[in-house]
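Q: For reference, the file data_26.csv (CSV, C-alpha atoms) is included below:
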```csv
chain,number,residue,atom,x,y,z
A,98,MET,CA,30.9,-13.3,-12.7
A,99,LYS,CA,27.2,-12.8,-13.3
A,100,ALA,CA,26.6,-12.8,-9.5
A,101,LYS,CA,29.2,-10.1,-9.0
A,102,LEU,CA,27.7,-8.0,-11.8
A,103,SER,CA,24.3,-8.4,-10.3
A,104,ASN,CA,25.5,-7.3,-6.9
A,105,ALA,CA,27.3,-4.3,-8.4
A,106,LEU,CA,24.2,-3.3,-10.3
A,107,GLN,CA,22.0,-3.5,-7.1
A,108,ILE,CA,24.5,-1.4,-5.1
A,109,THR,CA,24.6,1.2,-7.9
A,110,LEU,CA,20.8,1.4,-8.0
A,111,VAL,CA,20.6,1.8,-4.2
A,112,ALA,CA,23.3,4.4,-4.2
A,113,ALA,CA,21.5,6.3,-6.9
A,114,LEU,CA,18.2,6.2,-5.0
A,115,LEU,CA,19.8,7.4,-1.8
A,116,ALA,CA,21.5,10.2,-3.7
A,117,ALA,CA,18.2,11.3,-5.3
A,118,ILE,CA,16.5,11.3,-1.8
A,119,ALA,CA,19.4,13.4,-0.4
A,120,GLY,CA,19.2,15.8,-3.3
A,121,MET,CA,15.4,16.3,-2.8
A,122,ALA,CA,15.9,16.8,0.9
A,123,LEU,CA,18.6,19.5,0.3
A,124,THR,CA,16.5,21.2,-2.3
A,125,ALA,CA,13.5,21.3,0.0
A,126,ARG,CA,15.6,22.7,2.8
A,127,ASP,CA,17.1,25.4,0.6
A,128,ASN,CA,13.6,26.4,-0.7
A,129,LEU,CA,12.2,26.6,2.8
A,130,ALA,CA,15.1,28.7,4.0
A,131,ARG,CA,14.7,31.0,1.1
A,132,GLN,CA,11.0,31.5,2.1
A,133,GLY,CA,11.9,32.0,5.7
A,134,VAL,CA,10.3,28.8,6.9
A,135,ALA,CA,12.1,27.1,9.8
A,136,THR,CA,12.8,23.4,9.6
A,137,GLY,CA,13.3,20.8,12.2
A,138,PHE,CA,11.1,19.1,14.7
A,139,SER,CA,11.3,21.5,17.6
A,140,PHE,CA,7.7,22.5,16.9
A,141,LEU,CA,6.6,19.2,18.4
A,142,PHE,CA,7.2,20.7,21.9
A,143,ASP,CA,5.3,24.0,21.2
A,144,ARG,CA,1.9,24.6,22.6
A,145,THR,CA,-0.9,23.7,20.2
A,146,GLY,CA,-3.5,26.3,21.2
A,147,TRP,CA,-6.4,24.1,19.9
A,148,ASP,CA,-8.3,21.2,21.4
A,149,VAL,CA,-9.4,17.8,20.1
A,150,SER,CA,-13.2,17.6,20.0
A,151,ALA,CA,-13.4,13.8,20.8
A,152,SER,CA,-10.5,11.7,22.0
A,153,PHE,CA,-9.8,8.6,24.1
A,154,LEU,CA,-6.9,10.3,25.9
A,155,PRO,CA,-7.1,13.7,27.8
A,156,HIS,CA,-6.2,16.7,25.7
A,157,SER,CA,-6.2,20.5,26.2
A,158,THR,CA,-5.2,23.6,24.4
A,159,SER,CA,-1.9,23.8,26.4
A,160,ASP,CA,-0.7,20.4,25.3
A,161,PRO,CA,2.3,20.2,22.9
A,162,TYR,CA,2.1,19.0,19.4
A,163,TRP,CA,3.7,15.6,20.1
A,164,TRP,CA,0.9,14.8,22.6
A,165,THR,CA,-1.7,15.9,20.1
A,166,PHE,CA,-0.2,13.4,17.6
A,167,VAL,CA,-0.4,10.7,20.3
A,168,VAL,CA,-4.0,11.6,20.9
A,169,GLY,CA,-4.8,11.4,17.2
A,170,LEU,CA,-2.9,8.1,17.0
A,171,SER,CA,-5.0,6.7,19.8
A,172,ASN,CA,-8.2,7.7,17.9
A,173,THR,CA,-6.8,6.0,14.8
A,174,LEU,CA,-5.8,2.8,16.6
A,175,VAL,CA,-9.1,2.5,18.5
A,176,LEU,CA,-11.1,3.1,15.3
A,177,SER,CA,-9.0,0.6,13.4
A,178,LEU,CA,-9.2,-2.1,16.0
A,179,VAL,CA,-13.0,-1.7,16.4
A,180,CYS,CA,-13.5,-1.9,12.6
A,181,ILE,CA,-11.2,-4.9,12.1
A,182,VAL,CA,-13.0,-6.9,14.8
A,183,LEU,CA,-16.5,-6.0,13.5
A,184,ALA,CA,-15.6,-6.5,9.8
A,185,THR,CA,-13.9,-9.8,10.5
A,186,ALA,CA,-16.8,-11.2,12.5
A,187,ALA,CA,-19.5,-9.9,10.1
A,188,GLY,CA,-17.5,-10.9,7.0
A,189,LEU,CA,-16.9,-14.4,8.3
A,190,THR,CA,-20.6,-14.8,9.1
A,191,LEU,CA,-21.5,-13.5,5.6
A,192,ALA,CA,-19.1,-15.9,4.0
A,193,LEU,CA,-20.4,-18.9,5.9
A,194,LEU,CA,-24.0,-17.9,4.9
A,195,GLY,CA,-23.0,-17.8,1.3
A,196,ALA,CA,-21.2,-21.1,1.5
A,197,GLY,CA,-24.4,-22.9,2.5
A,198,LYS,CA,-26.8,-24.7,0.2
A,199,SER,CA,-29.5,-22.0,0.4
A,200,ARG,CA,-29.7,-20.1,-2.9
A,201,ILE,CA,-31.4,-17.2,-1.2
A,202,LEU,CA,-28.6,-16.7,1.3
A,203,HIS,CA,-26.0,-17.2,-1.4
A,204,GLY,CA,-27.8,-14.6,-3.6
A,205,PHE,CA,-28.0,-12.2,-0.7
A,206,THR,CA,-24.3,-12.4,0.0
A,207,ARG,CA,-23.4,-11.9,-3.6
A,208,LEU,CA,-25.7,-8.8,-3.7
A,209,TYR,CA,-24.1,-7.4,-0.6
A,210,ILE,CA,-20.6,-7.9,-1.9
A,211,TRP,CA,-21.4,-6.5,-5.3
A,212,LEU,CA,-23.1,-3.4,-3.8
A,213,PHE,CA,-20.8,-2.3,-1.0
A,214,ARG,CA,-17.6,-3.2,-2.8
A,215,ASN,CA,-18.4,-1.0,-5.8
A,216,VAL,CA,-19.5,2.1,-3.9
A,217,PRO,CA,-16.5,4.3,-2.9
A,218,ILE,CA,-15.9,4.3,0.8
A,219,ILE,CA,-15.9,8.1,1.0
A,220,VAL,CA,-19.5,8.1,-0.3
A,221,GLN,CA,-20.4,5.6,2.4
A,222,VAL,CA,-18.8,7.7,5.0
A,223,PHE,CA,-20.9,10.7,4.1
A,224,PHE,CA,-24.0,8.5,3.9
A,225,TRP,CA,-23.6,7.1,7.4
A,226,TYR,CA,-22.7,10.5,8.8
A,227,HIS,CA,-25.9,12.0,7.5
A,228,VAL,CA,-27.8,8.9,8.9
A,229,THR,CA,-26.4,9.6,12.4
A,230,ARG,CA,-27.4,13.2,12.1
A,231,GLN,CA,-31.0,12.1,11.4
A,232,LEU,CA,-31.3,10.7,15.0
A,233,PRO,CA,-33.7,12.6,17.3
A,234,PRO,CA,-32.4,15.5,19.3
A,235,VAL,CA,-31.2,15.2,22.9
A,236,ARG,CA,-34.5,15.7,24.6
A,237,GLN,CA,-36.1,13.0,22.4
A,238,ALA,CA,-33.2,10.7,22.5
A,239,LEU,CA,-33.7,7.0,21.9
A,240,GLN,CA,-33.5,5.0,25.2
A,241,PHE,CA,-32.2,1.5,25.6
A,242,MET,CA,-32.4,-0.5,28.9
A,243,ASP,CA,-32.7,2.8,30.9
A,244,CYS,CA,-29.0,3.4,30.7
A,245,CYS,CA,-28.1,4.0,27.0
A,246,TYR,CA,-29.2,6.9,24.9
A,247,ALA,CA,-28.8,7.7,21.2
A,248,SER,CA,-29.3,11.2,19.7
A,249,ASN,CA,-27.9,13.3,16.9
A,250,ARG,CA,-25.1,14.3,19.3
A,251,GLY,CA,-23.9,10.8,19.8
A,252,ILE,CA,-24.4,7.7,21.9
A,253,TYR,CA,-24.2,7.9,25.7
A,254,VAL,CA,-23.5,4.6,27.6
A,255,PRO,CA,-22.5,3.8,31.2
A,256,HIS,CA,-19.0,4.4,32.3
A,257,VAL,CA,-17.1,2.0,34.6
A,258,ALA,CA,-14.2,3.5,36.6
A,259,GLY,CA,-12.3,3.0,39.8
A,260,VAL,CA,-12.2,-0.8,39.5
A,261,GLU,CA,-10.6,-2.1,42.7
A,262,ALA,CA,-10.1,-5.8,43.5
A,263,SER,CA,-9.3,-7.3,46.9
A,264,PRO,CA,-6.3,-9.7,47.2
A,265,VAL,CA,-8.7,-12.5,47.5
A,266,ALA,CA,-10.3,-11.6,44.1
A,267,ILE,CA,-6.9,-11.5,42.5
A,268,VAL,CA,-5.9,-14.9,43.8
A,269,ALA,CA,-9.2,-16.3,42.8
A,270,ALA,CA,-8.8,-15.0,39.2
A,271,LEU,CA,-5.3,-16.5,39.0
A,272,VAL,CA,-6.5,-19.9,40.3
A,273,ALA,CA,-9.4,-19.8,37.8
A,274,GLY,CA,-7.0,-19.0,35.0
A,275,ALA,CA,-4.8,-22.0,36.0
A,276,ILE,CA,-7.8,-24.3,36.2
A,277,ALA,CA,-9.0,-23.1,32.8
A,278,TRP,CA,-5.6,-23.7,31.2
A,279,PHE,CA,-5.3,-27.2,32.5
A,280,ALA,CA,-8.9,-28.0,31.6
A,281,VAL,CA,-8.3,-26.8,28.0
A,282,ARG,CA,-5.0,-28.8,27.8
A,283,GLY,CA,-6.8,-31.9,29.1
A,284,LEU,CA,-9.6,-31.6,26.7
A,285,ASP,CA,-7.2,-31.1,23.8
A,286,ARG,CA,-5.5,-34.4,24.6
A,287,ARG,CA,-8.8,-36.2,24.8
A,288,ARG,CA,-9.9,-34.7,21.5
A,289,VAL,CA,-6.8,-35.9,19.8
A,290,ALA,CA,-7.4,-39.4,21.2
A,291,SER,CA,-11.1,-39.7,20.7
A,292,GLY,CA,-11.7,-37.3,17.8
A,293,ARG,CA,-14.2,-35.0,19.6
A,294,MET,CA,-15.0,-31.6,18.3
A,295,PRO,CA,-12.8,-28.6,19.4
A,296,LEU,CA,-16.0,-26.9,20.6
A,297,LEU,CA,-15.6,-28.7,24.0
A,298,ARG,CA,-12.5,-26.7,24.8
A,299,ALA,CA,-14.3,-23.4,24.2
A,300,VAL,CA,-17.3,-24.5,26.3
A,301,ALA,CA,-15.1,-25.6,29.2
A,302,LEU,CA,-13.1,-22.4,29.1
A,303,ALA,CA,-16.3,-20.3,29.0
A,304,VAL,CA,-17.8,-22.2,32.0
A,305,VAL,CA,-14.7,-21.8,34.1
A,306,LEU,CA,-14.3,-18.1,33.3
A,307,VAL,CA,-18.0,-17.4,34.0
A,308,ALA,CA,-17.8,-19.2,37.3
A,309,ALA,CA,-14.7,-17.2,38.2
A,310,ALA,CA,-16.3,-14.0,37.3
A,311,LEU,CA,-19.4,-14.8,39.4
A,312,ALA,CA,-17.2,-15.7,42.4
A,313,ALA,CA,-15.1,-12.6,42.1
A,314,TRP,CA,-17.9,-10.1,41.4
A,315,PRO,CA,-18.8,-9.5,45.1
A,316,MET,CA,-15.2,-8.7,45.8
A,317,LEU,CA,-14.9,-6.0,43.1
A,318,HIS,CA,-15.5,-2.4,43.9
A,319,LEU,CA,-16.8,-0.6,40.8
A,320,ASP,CA,-17.7,3.0,40.2
A,321,ILE,CA,-20.4,2.9,37.5
A,322,THR,CA,-21.8,6.2,36.3
A,323,THR,CA,-24.9,6.3,34.0
A,324,PRO,CA,-25.7,9.2,31.7
A,325,ARG,CA,-28.6,11.4,32.6
A,326,LEU,CA,-30.3,14.3,30.9
A,327,GLN,CA,-29.3,17.7,32.5
A,328,GLY,CA,-30.3,20.9,30.7
A,329,PHE,CA,-29.7,20.6,27.0
A,330,ASN,CA,-27.3,17.6,27.1
A,331,PHE,CA,-26.4,14.4,28.9
A,332,VAL,CA,-23.9,14.3,31.8
A,333,GLY,CA,-22.1,11.3,33.1
A,334,GLY,CA,-21.4,8.1,31.3
A,335,THR,CA,-19.2,7.6,28.2
A,336,TYR,CA,-19.8,9.6,25.0
A,337,VAL,CA,-19.4,8.2,21.5
A,338,SER,CA,-19.4,10.9,18.9
A,339,PRO,CA,-21.6,10.7,15.7
A,340,GLU,CA,-18.4,11.0,13.6
A,341,PHE,CA,-17.0,7.9,15.2
A,342,MET,CA,-20.2,6.0,14.7
A,343,ALA,CA,-20.4,7.0,11.1
A,344,LEU,CA,-16.8,6.0,10.4
A,345,VAL,CA,-17.3,2.6,12.1
A,346,ALA,CA,-20.5,2.0,10.1
A,347,ALA,CA,-18.9,3.0,6.8
A,348,ILE,CA,-15.6,1.3,7.1
A,349,VAL,CA,-17.1,-1.9,8.5
A,350,ALA,CA,-19.8,-2.1,5.8
A,351,TYR,CA,-17.2,-1.5,3.1
A,352,ASN,CA,-14.7,-4.0,4.4
A,353,ILE,CA,-17.3,-6.7,5.2
A,354,ALA,CA,-17.6,-7.3,1.4
A,355,PHE,CA,-13.9,-7.8,1.0
A,356,VAL,CA,-13.5,-10.0,4.0
A,357,ALA,CA,-16.4,-12.2,2.9
A,358,GLU,CA,-15.0,-12.5,-0.6
A,359,ILE,CA,-11.5,-13.4,0.7
A,360,ILE,CA,-12.9,-16.1,3.0
A,361,ASN,CA,-15.2,-17.4,0.2
A,362,SER,CA,-12.2,-17.6,-2.1
A,363,GLY,CA,-10.3,-19.6,0.6
A,364,ILE,CA,-13.3,-22.0,0.9
A,365,ARG,CA,-13.4,-22.5,-2.9
A,366,ALA,CA,-9.7,-23.0,-3.0
A,367,VAL,CA,-9.8,-26.1,-0.8
A,368,PRO,CA,-9.6,-29.2,-3.1
A,369,ARG,CA,-12.9,-31.1,-3.4
A,370,ASN,CA,-11.2,-34.5,-3.2
A,371,GLN,CA,-10.5,-33.9,0.5
A,372,ALA,CA,-14.2,-33.5,1.2
A,373,GLU,CA,-14.9,-36.6,-0.8
A,374,ALA,CA,-12.2,-38.5,1.1
A,375,ALA,CA,-13.8,-37.3,4.4
A,376,ARG,CA,-17.2,-38.6,3.3
A,377,ILE,CA,-15.7,-42.0,2.4
A,378,ILE,CA,-14.3,-42.4,5.9
A,379,GLY,CA,-17.7,-41.6,7.4
A,380,LEU,CA,-17.6,-38.0,8.3
A,381,SER,CA,-20.8,-36.0,8.0
A,382,ASP,CA,-21.0,-32.9,5.8
A,383,GLN,CA,-21.0,-30.6,8.8
A,384,ARG,CA,-17.9,-32.2,10.4
A,385,THR,CA,-16.2,-32.2,7.0
A,386,PHE,CA,-16.9,-28.5,6.6
A,387,TRP,CA,-15.8,-27.4,10.1
A,388,GLN,CA,-12.8,-29.7,10.6
A,389,ILE,CA,-11.4,-30.0,7.1
A,390,THR,CA,-12.6,-27.2,4.8
A,391,ILE,CA,-12.6,-24.2,7.2
A,392,PRO,CA,-9.1,-24.8,8.8
A,393,GLN,CA,-7.5,-24.9,5.3
A,394,ALA,CA,-9.6,-22.0,4.1
A,395,ILE,CA,-8.4,-19.9,7.0
A,396,ARG,CA,-4.8,-20.6,6.1
A,397,ILE,CA,-5.4,-19.6,2.6
A,398,ALA,CA,-7.3,-16.4,3.5
A,399,VAL,CA,-4.8,-15.1,6.2
A,400,PRO,CA,-2.3,-13.4,3.8
A,401,PRO,CA,-4.9,-11.4,1.8
A,402,LEU,CA,-6.7,-10.6,5.1
A,403,ILE,CA,-3.5,-9.0,6.4
A,404,ASN,CA,-3.4,-6.8,3.3
A,405,GLN,CA,-7.1,-5.9,3.8
A,406,TYR,CA,-6.5,-5.0,7.4
A,407,ILE,CA,-3.7,-2.7,6.4
A,408,SER,CA,-5.9,-1.1,3.8
A,409,LEU,CA,-8.7,-0.7,6.4
A,410,THR,CA,-6.3,1.1,8.8
A,411,LYS,CA,-5.1,3.5,6.2
A,412,SER,CA,-8.7,4.2,5.2
A,413,THR,CA,-9.3,5.7,8.6
A,414,SER,CA,-7.6,8.8,7.4
A,415,LEU,CA,-10.9,9.7,5.6
A,416,ALA,CA,-12.0,10.8,9.1
A,417,ILE,CA,-10.9,14.3,8.1
A,418,ALA,CA,-13.9,14.5,5.7
A,419,ILE,CA,-16.4,14.6,8.5
A,420,GLY,CA,-14.4,16.3,11.2
A,421,TYR,CA,-13.2,13.4,13.3
A,422,THR,CA,-9.7,14.1,14.7
A,423,ASP,CA,-7.5,11.1,13.9
A,424,LEU,CA,-3.8,11.1,13.3
A,425,PHE,CA,-4.1,12.5,9.8
A,426,SER,CA,-6.5,15.2,10.8
A,427,ALA,CA,-4.2,16.2,13.6
A,428,GLY,CA,-1.3,16.4,11.1
A,429,VAL,CA,-3.3,18.6,8.7
A,430,ILE,CA,-4.3,21.0,11.5
A,431,ALA,CA,-0.7,21.1,12.7
A,432,ILE,CA,0.4,22.0,9.2
A,433,ASN,CA,-2.1,24.9,9.0
A,434,HIS,CA,-0.9,26.3,12.4
A,435,THR,CA,2.9,25.8,12.1
A,436,GLY,CA,3.6,25.7,8.4
A,437,GLN,CA,5.9,22.7,8.9
A,438,ALA,CA,4.4,20.7,6.0
A,439,ILE,CA,7.3,18.5,5.1
A,440,ASN,CA,8.2,17.7,8.7
A,441,VAL,CA,4.6,16.9,9.7
A,442,ILE,CA,4.1,14.7,6.6
A,443,ALA,CA,7.3,12.9,7.4
A,444,VAL,CA,6.0,12.1,10.9
A,445,LEU,CA,2.7,10.9,9.5
A,446,MET,CA,4.4,8.7,6.9
A,447,LEU,CA,6.7,7.1,9.5
A,448,VAL,CA,3.8,6.4,11.9
A,449,TYR,CA,1.5,4.9,9.2
A,450,LEU,CA,4.5,2.8,8.0
A,451,ALA,CA,5.0,1.6,11.6
A,452,ILE,CA,1.3,0.7,11.9
A,453,SER,CA,1.3,-1.2,8.6
A,454,LEU,CA,4.5,-3.1,9.5
A,455,GLY,CA,3.1,-3.9,12.9
A,456,ILE,CA,-0.1,-5.4,11.4
A,457,SER,CA,1.9,-7.3,8.9
A,458,ALA,CA,4.2,-8.7,11.5
A,459,LEU,CA,1.3,-9.8,13.7
A,460,GLY,CA,-0.5,-11.4,10.7
A,461,ASN,CA,2.7,-13.2,9.5
A,462,ALA,CA,3.3,-14.5,13.0
A,463,TYR,CA,-0.2,-15.9,13.2
A,464,ASN,CA,0.2,-17.4,9.7
A,465,ARG,CA,3.4,-19.1,10.7
A,466,SER,CA,1.7,-20.6,13.7
A,467,LEU,CA,-1.1,-21.9,11.5
A,468,VAL,CA,1.5,-23.5,9.2
A,469,MET,CA,3.4,-25.1,12.1
A,470,ARG,CA,0.2,-26.4,13.6
A,471,GLY,CA,-0.8,-27.9,10.2
A,472,ALA,CA,2.7,-29.5,9.9
A,473,LYS,CA,2.2,-31.2,13.2
```
Could you rewrite the structure in this file as structure tokens?

A:
Amino acid sequence: MKAKLSNALQITLVAALLAAIAGMALTARDNLARQGVATGFSFLFDRTGWDVSASFLPHSTSDPYWWTFVVGLSNTLVLSLVCIVLATAAGLTLALLGAGKSRILHGFTRLYIWLFRNVPIIVQVFFWYHVTRQLPPVRQALQFMDCCYASNRGIYVPHVAGVEASPVAIVAALVAGAIAWFAVRGLDRRRVASGRMPLLRAVALAVVLVAAALAAWPMLHLDITTPRLQGFNFVGGTYVSPEFMALVAAIVAYNIAFVAEIINSGIRAVPRNQAEAARIIGLSDQRTFWQITIPQAIRIAVPPLINQYISLTKSTSLAIAIGYTDLFSAGVIAINHTGQAINVIAVLMLVYLAISLGISALGNAYNRSLVMRGAK
């Protein structure tokens, strides 16, 4: 009886929520019709009439709005991926430094976490944006290795295009991949039998891949263009805008503190009696840390890291503050040009929801693999 009553209550609440959403949608439609504002998503196929200043996909003023949203989405995804990778690597390094026995390094990590975690990210975005603007002008640009330049207009690096590989190079790459796979599998079995460190697998894989790359390099045909100064700007190469650099610096610096704190919490959550048991059976402190503490700490840290990655991705919408055209910026500009505020916001909500669900699904899949591996 209680179960039937609970189900009926849940169905009633869901029906009431759907009715409220339908009522708000009808009210919004009537208000827009009364103001003479057209509804629907046909505007997605209209010509934008404006261009994206910096993008990883081609864009012009004659492109429709749906392609502009795709271009903005590509900027968001690239920015998010770069920030996730850098924040994870730097946060893990900071956490490992803080987990050592050095009080100086531990104090440095605590100071970094305390400082950057408590400064609003929008403040850090503006700070790094003004830092990039303090770089020298184009004619006095900083030069690195005779091929990379940094100025207040951005960073210019070589561009690789027109990669062509002969059939021999493709076959060599496939054979090298097969050899690397069997080598890793063989070392994995030996490690289980003899107790060797997993580092051997990574070393063997790196050696095989480097050898394959050296063998296939003469058979590759690359078109590499390097930037060069011409007139008042650089031509050739690949351009990275100051806005992109500032966003990467601010988002990474902010999220390093959270990633480091999450990993530190995972390390502290591992029971100490396991480390004591490892010392009893003769394992050194180093092997105990890398083979017992770190694997368990990663399993503990993965769920909160997933939430942090989702938060990082959503924080890329702050790009509008410094003029970088991401998905949210493209939506705001589209609203100003078309007046389709509700429809554009609905598109943005659905896309950000899909991105968050995708990150959550990937993180949960990785977490399940860790749990299954630990169960074995």

Q: Could you check which residues have any atom within 12 Å of (4.5, 12.6, 8.0), counting all atoms listed in the file with coordinates taken straight from the file, and then list them as a ChimeraX atom specification?

A: /A:138,166,424-429,431-432,437-451

Q: Can I get the selected residues back with C-alpha atoms, as a PDB file, in the frame of the given file?

A:
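What follows is the written file result_13.pdb:
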```
ATOM      1  CA  PHE A 138      11.100  19.100  14.700  1.00  0.00           C
ATOM      2  CA  PHE A 166      -0.200  13.400  17.600  1.00  0.00           C
ATOM      3  CA  LEU A 424      -3.800  11.100  13.300  1.00  0.00           C
ATOM      4  CA  PHE A 425      -4.100  12.500   9.800  1.00  0.00           C
ATOM      5  CA  SER A 426      -6.500  15.200  10.800  1.00  0.00           C
ATOM      6  CA  ALA A 427      -4.200  16.200  13.600  1.00  0.00           C
ATOM      7  CA  GLY A 428      -1.300  16.400  11.100  1.00  0.00           C
ATOM      8  CA  VAL A 429      -3.300  18.600   8.700  1.00  0.00           C
ATOM      9  CA  ALA A 431      -0.700  21.100  12.700  1.00  0.00           C
ATOM     10  CA  ILE A 432       0.400  22.000   9.200  1.00  0.00           C
ATOM     11  CA  GLN A 437       5.900  22.700   8.900  1.00  0.00           C
ATOM     12  CA  ALA A 438       4.400  20.700   6.000  1.00  0.00           C
ATOM     13  CA  ILE A 439       7.300  18.500   5.100  1.00  0.00           C
ATOM     14  CA  ASN A 440       8.200  17.700   8.700  1.00  0.00           C
ATOM     15  CA  VAL A 441       4.600  16.900   9.700  1.00  0.00           C
ATOM     16  CA  ILE A 442       4.100  14.700   6.600  1.00  0.00           C
ATOM     17  CA  ALA A 443       7.300  12.900   7.400  1.00  0.00           C
ATOM     18  CA  VAL A 444       6.000  12.100  10.900  1.00  0.00           C
ATOM     19  CA  LEU A 445       2.700  10.900   9.500  1.00  0.00           C
ATOM     20  CA  MET A 446       4.400   8.700   6.900  1.00  0.00           C
ATOM     21  CA  LEU A 447       6.700   7.100   9.500  1.00  0.00           C
ATOM     22  CA  VAL A 448       3.800   6.400  11.900  1.00  0.00           C
ATOM     23  CA  TYR A 449       1.500   4.900   9.200  1.00  0.00           C
ATOM     24  CA  LEU A 450       4.500   2.800   8.000  1.00  0.00           C
ATOM     25  CA  ALA A 451       5.000   1.600  11.600  1.00  0.00           C
TER      26      ALA A 451
END
```

Q: Please provide the set of residues having any atom within 7 Å of stretch 410-416 of chain A, restricted to only C-alpha atoms, with same-chain residues fewer than 2 positions apart removed, written as a ChimeraX atom specification.

A: /A:173,177,219,344,406-408,418-423,425

Q: Do you know which residues are at most 8 Å from A:Ser159 counting only C-alpha atoms, after dropping those on the same chain fewer than 3 positions away, and could you put them as number ranges by chain?

A: A: 144-147

Q: Using atom CA of A:Gly363 and atom CA of A:Ile395 as the two end points, give the distance in Å to one decimal.

A: 6.7 Å

Q: Give me the residues near A:Asn361 as number ranges by chain, where near means some atom within 8 Å (using all atoms listed in the file) and where sequence neighbours in that chain fewer than 3 positions away do not count.

A: A: 192-193, 195-196, 357-358, 364-365

Q: Would you kindly return, as an MDAnalysis selection string, each protein, DNA or RNA residue with an atom no farther than 12 Å from any atom of A:Ala375, considering all atoms listed in the file and excluding same-chain residues fewer than 3 positions away?

A: chainID A and resid 368:372 378:390

Q: Atom CA of A:Asn433 to atom CA of A:Leu170: how many Å, to one decimal?

A: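 Pair atom CA of A:Asn433 / atom CA of A:Leu170 returns 18.6 Å.
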
Q: Just checking: using only C-alpha atoms, which residue out of A:Leu110, A:Asp143, A:Ile181, A:Val175 ends up closest to A:Tyr162?

A: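 Smallest distance to A:Tyr162 is found for A:Asp143.
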
Q: What is the distance, in Å and to one decimal place, between atom CA of A:Ala374 and atom CA of A:Val399?

A: 25.1 Å

Q: May I ask which of the residues A:Ala366, A:Met242, A:Cys180, A:Ile201 is the closest one to A:Ala347, counting only C-alpha atoms?

A: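 Nearest candidate to A:Ala347 out of A:Ala366, A:Met242, A:Cys180, A:Ile201: A:Cys180.
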
Q: Skipping near chain neighbours, those fewer than 2 positions away, what residues fall within 10 Å of stretch 149-151 of chain A using only C-alpha atoms, listed as a ChimeraX atom specification?

A: /A:147,153-158,165,168-169,172,336-338,340-341,420-423,427

Q: Which one of A:Ser152, A:Thr323, A:Val167, A:Ala346 sits closest to A:Gln221 if you count only C-alpha atoms?

A: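 Using only C-alpha atoms, the shortest distance to A:Gln221 belongs to A:Ala346.
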
Q: Between A:Thr185, A:Thr322, A:Ser171, A:Asn330, which one has atoms that come closest to A:Arg250, using only C-alpha atoms?

A: A:Asn330

Q: Taking only C-alpha atoms into account, which of A:Val349, A:Ile377, A:Cys244, A:Leu183 comes nearest A:Val222?

A: A:Val349

Q: Listing only residues of stretch 344-373 of chain A within 9 Å of stretch 203-217 of chain A, what is the closest atom pair and its distance in Å (to one decimal) for each, using all atoms listed in the file, sorted by chain and residue number ascending, as a Markdown table?

A:
```
| residue | atom | partner | partner_atom | distance |
| --- | --- | --- | --- | --- |
| A:Ala350 | CA | A:Phe213 | CA | 6.9 |
| A:Tyr351 | CA | A:Phe213 | CA | 5.5 |
| A:Asn352 | CA | A:Arg214 | CA | 7.8 |
| A:Ile353 | CA | A:Ile210 | CA | 7.9 |
| A:Ala354 | CA | A:Ile210 | CA | 4.5 |
| A:Phe355 | CA | A:Arg214 | CA | 7.0 |
| A:Ala357 | CA | A:Ile210 | CA | 7.7 |
| A:Glu358 | CA | A:Ile210 | CA | 7.4 |
```
